[in-house]
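Asker: Sending over a structure as structure tokens; questions will come in a sec.
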Amino acid sequence: ASLRQIADLVGMKAGSLYYHFGSKNELLSAIFKRGIEVMVTAFDEADSATSHLSGRERVGAHVRAHLAALFENGPYTAAHVTAFRTAPAQVRDAIVPVRDDYEAMWTNLLRELVSSGALINSAPLGLHRLLLFGAMNASVEWFDPSRGNLDDLADAITSQFWDGLAQEAPA
């Protein structure tokens with residue numbers, strides 16, 4: 001799609017769009033950056049609200065905040081998850097540092113939980129973070145908030161992360 005077609009779709013003149021964005025790459029970068037900003041804000045709010053809670057409750061609140069950023073703030077937030085890999089290299093290169101900063105916030109949370117003894121580190125923290133992100137981010141492909149409860153999804157992801165799927169039955 002051209003910038004002119006995009007402008008037509010959103011009901012504005014192409015000149016207005018060109019005033020703010022010189023290219024589709026600039027527009028896509030802005031969408032990705034804004035989506036990550038929403039996620040950072042949600043993370044910060046969850047962090048402030050849960051610093052006194054248990055490790056599991058903190059992880060649960062952060063998972064819920066991440067899912068809210070994906071599902072409750074319009075499709076531009078989830079665009080990062082769905083379109084990043086196919087974006088032009090120039091766009092990806094501009095966004096990777098911003099994305100890395102957000103991911104570092106999660107790594108620091110997990111590191112803090114390990115240091116406090118709330119979370120036992122059985123694998124590299126980066127791997128734990130990637131597994132958690134995989135569960136949260138993949139949900140944009142299959143979860144329908146109009147047919148399911150986001151709180152229930154957050155609880156399921158948190159339980160899977162915190163407790164695992166298989167537990168031995170009591171003897």
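Going by the structure tokens order, chains are called A, B, ..., each with residues numbered from 1, while ligands are numbered from 1 in the order shown.
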Going by DSSP on the backbone, which residues of range 19-147 of chain A come out as helix (DSSP H, G or I)? List them as a JSON list (two decimals) with N, CA and C atoms, in the first residue's frame.

Answerer:
[["chain", "number", "residue", "atom", "x", "y", "z"],
["A", 19, "TYR", "N", 3.28, 14.99, 5.83],
["A", 19, "TYR", "CA", 3.80, 16.02, 6.73],
["A", 19, "TYR", "C", 4.43, 15.37, 7.97],
["A", 20, "HIS", "N", 3.81, 14.28, 8.45],
["A", 20, "HIS", "CA", 4.28, 13.62, 9.66],
["A", 20, "HIS", "C", 5.27, 12.48, 9.38],
["A", 24, "LYS", "N", 6.75, 5.03, 4.30],
["A", 24, "LYS", "CA", 6.03, 3.96, 5.01],
["A", 24, "LYS", "C", 6.90, 3.40, 6.14],
["A", 25, "ASN", "N", 8.21, 3.35, 5.92],
["A", 25, "ASN", "CA", 9.09, 2.85, 6.98],
["A", 25, "ASN", "C", 9.03, 3.72, 8.23],
["A", 26, "GLU", "N", 8.98, 5.03, 8.04],
["A", 26, "GLU", "CA", 8.85, 5.93, 9.19],
["A", 26, "GLU", "C", 7.53, 5.71, 9.91],
["A", 27, "LEU", "N", 6.46, 5.52, 9.16],
["A", 27, "LEU", "CA", 5.15, 5.27, 9.74],
["A", 27, "LEU", "C", 5.16, 3.96, 10.51],
["A", 28, "LEU", "N", 5.70, 2.91, 9.92],
["A", 28, "LEU", "CA", 5.76, 1.61, 10.59],
["A", 28, "LEU", "C", 6.62, 1.67, 11.85],
["A", 29, "SER", "N", 7.75, 2.37, 11.78],
["A", 29, "SER", "CA", 8.60, 2.54, 12.96],
["A", 29, "SER", "C", 7.84, 3.25, 14.08],
["A", 30, "ALA", "N", 7.09, 4.27, 13.73],
["A", 30, "ALA", "CA", 6.31, 5.01, 14.73],
["A", 30, "ALA", "C", 5.25, 4.12, 15.37],
["A", 31, "ILE", "N", 4.61, 3.28, 14.57],
["A", 31, "ILE", "CA", 3.61, 2.36, 15.11],
["A", 31, "ILE", "C", 4.26, 1.38, 16.08],
["A", 32, "PHE", "N", 5.38, 0.80, 15.68],
["A", 32, "PHE", "CA", 6.08, -0.15, 16.55],
["A", 32, "PHE", "C", 6.54, 0.52, 17.84],
["A", 33, "LYS", "N", 7.13, 1.71, 17.73],
["A", 33, "LYS", "CA", 7.62, 2.41, 18.92],
["A", 33, "LYS", "C", 6.48, 2.74, 19.87],
["A", 34, "ARG", "N", 5.39, 3.21, 19.33],
["A", 34, "ARG", "CA", 4.24, 3.56, 20.19],
["A", 34, "ARG", "C", 3.70, 2.31, 20.88],
["A", 35, "GLY", "N", 3.65, 1.19, 20.17],
["A", 35, "GLY", "CA", 3.20, -0.05, 20.78],
["A", 35, "GLY", "C", 4.07, -0.46, 21.95],
["A", 36, "ILE", "N", 5.38, -0.32, 21.78],
["A", 36, "ILE", "CA", 6.29, -0.68, 22.87],
["A", 36, "ILE", "C", 6.16, 0.31, 24.02],
["A", 37, "GLU", "N", 5.94, 1.59, 23.71],
["A", 37, "GLU", "CA", 5.73, 2.58, 24.77],
["A", 37, "GLU", "C", 4.54, 2.20, 25.64],
["A", 38, "VAL", "N", 3.47, 1.73, 25.01],
["A", 38, "VAL", "CA", 2.29, 1.30, 25.76],
["A", 38, "VAL", "C", 2.66, 0.13, 26.67],
["A", 39, "MET", "N", 3.46, -0.80, 26.16],
["A", 39, "MET", "CA", 3.88, -1.95, 26.96],
["A", 39, "MET", "C", 4.77, -1.52, 28.13],
["A", 40, "VAL", "N", 5.66, -0.59, 27.90],
["A", 40, "VAL", "CA", 6.54, -0.09, 28.97],
["A", 40, "VAL", "C", 5.71, 0.59, 30.05],
["A", 41, "THR", "N", 4.75, 1.39, 29.65],
["A", 41, "THR", "CA", 3.88, 2.05, 30.63],
["A", 41, "THR", "C", 3.11, 1.02, 31.44],
["A", 42, "ALA", "N", 2.58, 0.01, 30.77],
["A", 42, "ALA", "CA", 1.83, -1.04, 31.48],
["A", 42, "ALA", "C", 2.75, -1.78, 32.45],
["A", 43, "PHE", "N", 3.97, -2.07, 32.02],
["A", 43, "PHE", "CA", 4.94, -2.74, 32.89],
["A", 43, "PHE", "C", 5.24, -1.89, 34.12],
["A", 44, "ASP", "N", 5.51, -0.61, 33.89],
["A", 44, "ASP", "CA", 5.83, 0.30, 35.00],
["A", 44, "ASP", "C", 4.68, 0.40, 36.00],
["A", 45, "GLU", "N", 3.46, 0.47, 35.48],
["A", 45, "GLU", "CA", 2.30, 0.54, 36.37],
["A", 45, "GLU", "C", 2.14, -0.74, 37.18],
["A", 46, "ALA", "N", 2.34, -1.89, 36.53],
["A", 46, "ALA", "CA", 2.27, -3.16, 37.25],
["A", 46, "ALA", "C", 3.37, -3.24, 38.30],
["A", 47, "ASP", "N", 4.55, -2.77, 37.95],
["A", 47, "ASP", "CA", 5.68, -2.81, 38.87],
["A", 47, "ASP", "C", 5.39, -1.97, 40.12],
["A", 48, "SER", "N", 4.87, -0.76, 39.92],
["A", 48, "SER", "CA", 4.56, 0.11, 41.04],
["A", 48, "SER", "C", 3.47, -0.46, 41.94],
["A", 49, "ALA", "N", 2.48, -1.07, 41.31],
["A", 49, "ALA", "CA", 1.33, -1.58, 42.07],
["A", 49, "ALA", "C", 1.60, -2.88, 42.80],
["A", 50, "THR", "N", 2.66, -3.60, 42.43],
["A", 50, "THR", "CA", 2.84, -4.95, 42.97],
["A", 50, "THR", "C", 4.15, -5.17, 43.71],
["A", 55, "GLY", "N", 6.05, -13.10, 44.62],
["A", 55, "GLY", "CA", 6.62, -13.23, 43.28],
["A", 55, "GLY", "C", 5.59, -13.67, 42.26],
["A", 56, "ARG", "N", 4.79, -14.66, 42.61],
["A", 56, "ARG", "CA", 3.78, -15.15, 41.68],
["A", 56, "ARG", "C", 2.76, -14.05, 41.34],
["A", 57, "GLU", "N", 2.34, -13.31, 42.34],
["A", 57, "GLU", "CA", 1.38, -12.22, 42.10],
["A", 57, "GLU", "C", 2.00, -11.13, 41.22],
["A", 58, "ARG", "N", 3.26, -10.86, 41.44],
["A", 58, "ARG", "CA", 3.95, -9.86, 40.62],
["A", 58, "ARG", "C", 4.02, -10.31, 39.16],
["A", 59, "VAL", "N", 4.44, -11.56, 38.95],
["A", 59, "VAL", "CA", 4.51, -12.08, 37.59],
["A", 59, "VAL", "C", 3.11, -12.04, 36.96],
["A", 60, "GLY", "N", 2.11, -12.47, 37.70],
["A", 60, "GLY", "CA", 0.74, -12.45, 37.18],
["A", 60, "GLY", "C", 0.28, -11.07, 36.78],
["A", 61, "ALA", "N", 0.60, -10.07, 37.59],
["A", 61, "ALA", "CA", 0.21, -8.69, 37.26],
["A", 61, "ALA", "C", 0.93, -8.19, 36.02],
["A", 62, "HIS", "N", 2.19, -8.57, 35.88],
["A", 62, "HIS", "CA", 2.96, -8.16, 34.70],
["A", 62, "HIS", "C", 2.46, -8.88, 33.44],
["A", 63, "VAL", "N", 2.12, -10.14, 33.57],
["A", 63, "VAL", "CA", 1.56, -10.88, 32.43],
["A", 63, "VAL", "C", 0.24, -10.21, 32.01],
["A", 64, "ARG", "N", -0.60, -9.91, 32.99],
["A", 64, "ARG", "CA", -1.90, -9.27, 32.69],
["A", 64, "ARG", "C", -1.68, -7.91, 32.03],
["A", 65, "ALA", "N", -0.70, -7.16, 32.51],
["A", 65, "ALA", "CA", -0.41, -5.85, 31.93],
["A", 65, "ALA", "C", 0.08, -5.97, 30.48],
["A", 66, "HIS", "N", 0.92, -6.95, 30.23],
["A", 66, "HIS", "CA", 1.42, -7.18, 28.86],
["A", 66, "HIS", "C", 0.25, -7.56, 27.94],
["A", 67, "LEU", "N", -0.60, -8.46, 28.41],
["A", 67, "LEU", "CA", -1.75, -8.86, 27.60],
["A", 67, "LEU", "C", -2.70, -7.69, 27.37],
["A", 68, "ALA", "N", -2.88, -6.86, 28.39],
["A", 68, "ALA", "CA", -3.73, -5.68, 28.23],
["A", 68, "ALA", "C", -3.14, -4.76, 27.16],
["A", 69, "ALA", "N", -1.83, -4.60, 27.18],
["A", 69, "ALA", "CA", -1.19, -3.76, 26.17],
["A", 69, "ALA", "C", -1.43, -4.32, 24.77],
["A", 70, "LEU", "N", -1.43, -5.64, 24.65],
["A", 70, "LEU", "CA", -1.65, -6.27, 23.34],
["A", 70, "LEU", "C", -3.10, -6.19, 22.89],
["A", 71, "PHE", "N", -4.03, -6.41, 23.81],
["A", 71, "PHE", "CA", -5.43, -6.58, 23.42],
["A", 71, "PHE", "C", -6.34, -5.38, 23.68],
["A", 75, "PRO", "N", -5.08, -2.36, 17.66],
["A", 75, "PRO", "CA", -4.22, -3.30, 16.94],
["A", 75, "PRO", "C", -2.79, -2.80, 16.73],
["A", 76, "TYR", "N", -2.54, -1.50, 16.88],
["A", 76, "TYR", "CA", -1.17, -1.03, 16.64],
["A", 76, "TYR", "C", -0.20, -1.62, 17.65],
["A", 77, "THR", "N", -0.65, -1.91, 18.87],
["A", 77, "THR", "CA", 0.25, -2.48, 19.87],
["A", 77, "THR", "C", 0.64, -3.90, 19.48],
["A", 78, "ALA", "N", -0.32, -4.69, 19.05],
["A", 78, "ALA", "CA", -0.04, -6.06, 18.65],
["A", 78, "ALA", "C", 0.68, -6.12, 17.30],
["A", 79, "ALA", "N", 0.71, -5.03, 16.56],
["A", 79, "ALA", "CA", 1.38, -5.02, 15.25],
["A", 79, "ALA", "C", 2.85, -5.40, 15.40],
["A", 80, "HIS", "N", 3.44, -5.01, 16.50],
["A", 80, "HIS", "CA", 4.84, -5.37, 16.71],
["A", 80, "HIS", "C", 5.02, -6.88, 16.71],
["A", 81, "VAL", "N", 4.09, -7.57, 17.34],
["A", 81, "VAL", "CA", 4.16, -9.03, 17.42],
["A", 81, "VAL", "C", 3.89, -9.66, 16.06],
["A", 82, "THR", "N", 2.91, -9.14, 15.34],
["A", 82, "THR", "CA", 2.48, -9.78, 14.10],
["A", 82, "THR", "C", 3.28, -9.37, 12.87],
["A", 83, "ALA", "N", 3.89, -8.19, 12.88],
["A", 83, "ALA", "CA", 4.51, -7.69, 11.66],
["A", 83, "ALA", "C", 6.01, -7.44, 11.75],
["A", 84, "PHE", "N", 6.59, -7.53, 12.94],
["A", 84, "PHE", "CA", 8.00, -7.17, 13.09],
["A", 84, "PHE", "C", 8.92, -7.99, 12.19],
["A", 85, "ARG", "N", 8.74, -9.29, 12.16],
["A", 85, "ARG", "CA", 9.65, -10.16, 11.40],
["A", 85, "ARG", "C", 9.63, -9.89, 9.90],
["A", 86, "THR", "N", 8.53, -9.38, 9.39],
["A", 86, "THR", "CA", 8.43, -9.10, 7.96],
["A", 86, "THR", "C", 8.68, -7.64, 7.63],
["A", 89, "ALA", "N", 14.38, -4.26, 6.97],
["A", 89, "ALA", "CA", 15.53, -4.28, 7.88],
["A", 89, "ALA", "C", 15.75, -2.93, 8.55],
["A", 90, "GLN", "N", 15.57, -1.86, 7.81],
["A", 90, "GLN", "CA", 15.76, -0.51, 8.36],
["A", 90, "GLN", "C", 14.81, -0.27, 9.54],
["A", 91, "VAL", "N", 13.59, -0.72, 9.43],
["A", 91, "VAL", "CA", 12.62, -0.57, 10.51],
["A", 91, "VAL", "C", 13.00, -1.45, 11.69],
["A", 92, "ARG", "N", 13.33, -2.70, 11.42],
["A", 92, "ARG", "CA", 13.73, -3.61, 12.50],
["A", 92, "ARG", "C", 14.93, -3.08, 13.25],
["A", 93, "ASP", "N", 15.92, -2.57, 12.51],
["A", 93, "ASP", "CA", 17.13, -2.04, 13.14],
["A", 93, "ASP", "C", 16.82, -0.86, 14.06],
["A", 94, "ALA", "N", 15.84, -0.05, 13.69],
["A", 94, "ALA", "CA", 15.47, 1.10, 14.51],
["A", 94, "ALA", "C", 14.70, 0.68, 15.76],
["A", 95, "ILE", "N", 13.99, -0.42, 15.68],
["A", 95, "ILE", "CA", 13.12, -0.85, 16.78],
["A", 95, "ILE", "C", 13.82, -1.79, 17.75],
["A", 96, "VAL", "N", 14.78, -2.55, 17.31],
["A", 96, "VAL", "CA", 15.43, -3.54, 18.18],
["A", 96, "VAL", "C", 15.93, -2.94, 19.50],
["A", 97, "PRO", "N", 16.58, -1.78, 19.52],
["A", 97, "PRO", "CA", 17.03, -1.25, 20.82],
["A", 97, "PRO", "C", 15.86, -0.94, 21.77],
["A", 98, "VAL", "N", 14.76, -0.45, 21.23],
["A", 98, "VAL", "CA", 13.59, -0.14, 22.06],
["A", 98, "VAL", "C", 12.98, -1.44, 22.60],
["A", 99, "ARG", "N", 12.89, -2.44, 21.74],
["A", 99, "ARG", "CA", 12.37, -3.75, 22.14],
["A", 99, "ARG", "C", 13.30, -4.39, 23.17],
["A", 100, "ASP", "N", 14.60, -4.28, 22.96],
["A", 100, "ASP", "CA", 15.56, -4.85, 23.90],
["A", 100, "ASP", "C", 15.43, -4.21, 25.28],
["A", 101, "ASP", "N", 15.19, -2.91, 25.32],
["A", 101, "ASP", "CA", 15.01, -2.23, 26.61],
["A", 101, "ASP", "C", 13.79, -2.78, 27.35],
["A", 102, "TYR", "N", 12.71, -3.03, 26.63],
["A", 102, "TYR", "CA", 11.51, -3.60, 27.26],
["A", 102, "TYR", "C", 11.78, -5.01, 27.75],
["A", 103, "GLU", "N", 12.44, -5.80, 26.94],
["A", 103, "GLU", "CA", 12.75, -7.17, 27.35],
["A", 103, "GLU", "C", 13.68, -7.17, 28.56],
["A", 104, "ALA", "N", 14.58, -6.20, 28.65],
["A", 104, "ALA", "CA", 15.48, -6.09, 29.81],
["A", 104, "ALA", "C", 14.70, -5.81, 31.09],
["A", 105, "MET", "N", 13.59, -5.09, 30.97],
["A", 105, "MET", "CA", 12.75, -4.85, 32.15],
["A", 105, "MET", "C", 12.23, -6.17, 32.71],
["A", 106, "TRP", "N", 11.83, -7.08, 31.82],
["A", 106, "TRP", "CA", 11.35, -8.39, 32.23],
["A", 106, "TRP", "C", 12.49, -9.23, 32.82],
["A", 107, "THR", "N", 13.65, -9.18, 32.18],
["A", 107, "THR", "CA", 14.79, -9.93, 32.71],
["A", 107, "THR", "C", 15.14, -9.43, 34.11],
["A", 108, "ASN", "N", 15.11, -8.12, 34.30],
["A", 108, "ASN", "CA", 15.40, -7.57, 35.63],
["A", 108, "ASN", "C", 14.37, -8.00, 36.66],
["A", 109, "LEU", "N", 13.10, -8.05, 36.27],
["A", 109, "LEU", "CA", 12.06, -8.54, 37.18],
["A", 109, "LEU", "C", 12.36, -9.97, 37.58],
["A", 110, "LEU", "N", 12.63, -10.82, 36.61],
["A", 110, "LEU", "CA", 12.93, -12.22, 36.90],
["A", 110, "LEU", "C", 14.19, -12.35, 37.75],
["A", 111, "ARG", "N", 15.19, -11.56, 37.45],
["A", 111, "ARG", "CA", 16.43, -11.58, 38.24],
["A", 111, "ARG", "C", 16.14, -11.18, 39.69],
["A", 112, "GLU", "N", 15.31, -10.18, 39.87],
["A", 112, "GLU", "CA", 14.94, -9.74, 41.21],
["A", 112, "GLU", "C", 14.20, -10.86, 41.96],
["A", 113, "LEU", "N", 13.32, -11.58, 41.27],
["A", 113, "LEU", "CA", 12.59, -12.67, 41.90],
["A", 113, "LEU", "C", 13.52, -13.82, 42.26],
["A", 114, "VAL", "N", 14.51, -14.07, 41.43],
["A", 114, "VAL", "CA", 15.50, -15.11, 41.75],
["A", 114, "VAL", "C", 16.31, -14.67, 42.98],
["A", 115, "SER", "N", 16.76, -13.43, 42.99],
["A", 115, "SER", "CA", 17.57, -12.92, 44.11],
["A", 115, "SER", "C", 16.82, -12.97, 45.43],
["A", 125, "LEU", "N", 17.86, -16.94, 32.64],
["A", 125, "LEU", "CA", 16.70, -16.06, 32.73],
["A", 125, "LEU", "C", 16.20, -15.62, 31.36],
["A", 126, "GLY", "N", 17.12, -15.42, 30.43],
["A", 126, "GLY", "CA", 16.70, -15.04, 29.08],
["A", 126, "GLY", "C", 15.79, -16.09, 28.45],
["A", 127, "LEU", "N", 16.07, -17.36, 28.71],
["A", 127, "LEU", "CA", 15.23, -18.43, 28.20],
["A", 127, "LEU", "C", 13.85, -18.38, 28.85],
["A", 128, "HIS", "N", 13.80, -18.17, 30.16],
["A", 128, "HIS", "CA", 12.51, -18.04, 30.86],
["A", 128, "HIS", "C", 11.70, -16.88, 30.27],
["A", 129, "ARG", "N", 12.37, -15.76, 30.06],
["A", 129, "ARG", "CA", 11.68, -14.59, 29.51],
["A", 129, "ARG", "C", 11.14, -14.89, 28.12],
["A", 130, "LEU", "N", 11.94, -15.55, 27.29],
["A", 130, "LEU", "CA", 11.49, -15.88, 25.94],
["A", 130, "LEU", "C", 10.30, -16.83, 25.95],
["A", 131, "LEU", "N", 10.32, -17.82, 26.85],
["A", 131, "LEU", "CA", 9.18, -18.73, 26.97],
["A", 131, "LEU", "C", 7.92, -17.98, 27.39],
["A", 132, "LEU", "N", 8.09, -17.08, 28.33],
["A", 132, "LEU", "CA", 6.95, -16.28, 28.79],
["A", 132, "LEU", "C", 6.44, -15.37, 27.68],
["A", 133, "PHE", "N", 7.35, -14.70, 26.97],
["A", 133, "PHE", "CA", 6.95, -13.85, 25.86],
["A", 133, "PHE", "C", 6.28, -14.66, 24.76],
["A", 134, "GLY", "N", 6.80, -15.86, 24.52],
["A", 134, "GLY", "CA", 6.18, -16.70, 23.49],
["A", 134, "GLY", "C", 4.73, -16.99, 23.82],
["A", 135, "ALA", "N", 4.46, -17.33, 25.06],
["A", 135, "ALA", "CA", 3.08, -17.62, 25.47],
["A", 135, "ALA", "C", 2.21, -16.37, 25.35],
["A", 136, "MET", "N", 2.70, -15.25, 25.82],
["A", 136, "MET", "CA", 1.89, -14.02, 25.79],
["A", 136, "MET", "C", 1.68, -13.52, 24.36],
["A", 137, "ASN", "N", 2.77, -13.42, 23.61],
["A", 137, "ASN", "CA", 2.69, -12.81, 22.28],
["A", 137, "ASN", "C", 1.97, -13.68, 21.27],
["A", 138, "ALA", "N", 2.14, -15.00, 21.37],
["A", 138, "ALA", "CA", 1.46, -15.88, 20.42],
["A", 138, "ALA", "C", -0.06, -15.82, 20.58],
["A", 139, "SER", "N", -0.51, -15.39, 21.74],
["A", 139, "SER", "CA", -1.96, -15.34, 21.96],
["A", 139, "SER", "C", -2.67, -14.35, 21.03],
["A", 140, "VAL", "N", -1.94, -13.38, 20.46],
["A", 140, "VAL", "CA", -2.60, -12.45, 19.53],
["A", 140, "VAL", "C", -3.07, -13.16, 18.27],
["A", 141, "GLU", "N", -2.51, -14.32, 17.99],
["A", 141, "GLU", "CA", -2.89, -15.09, 16.81],
["A", 141, "GLU", "C", -4.14, -15.93, 17.03],
["A", 142, "TRP", "N", -4.46, -16.29, 18.27],
["A", 142, "TRP", "CA", -5.56, -17.23, 18.48],
["A", 142, "TRP", "C", -6.57, -16.79, 19.53]]

Asker: Measuring atom to atom with only C-alpha atoms, identify which of A:Ser54, A:Ser23, A:Glu72, A:Tyr18 is nearest to Pro145 in chain A.

Answerer: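 Checking each of A:Ser54, A:Ser23, A:Glu72, A:Tyr18 against Pro145 in chain A, counting only C-alpha atoms, the winner is A:Glu72.
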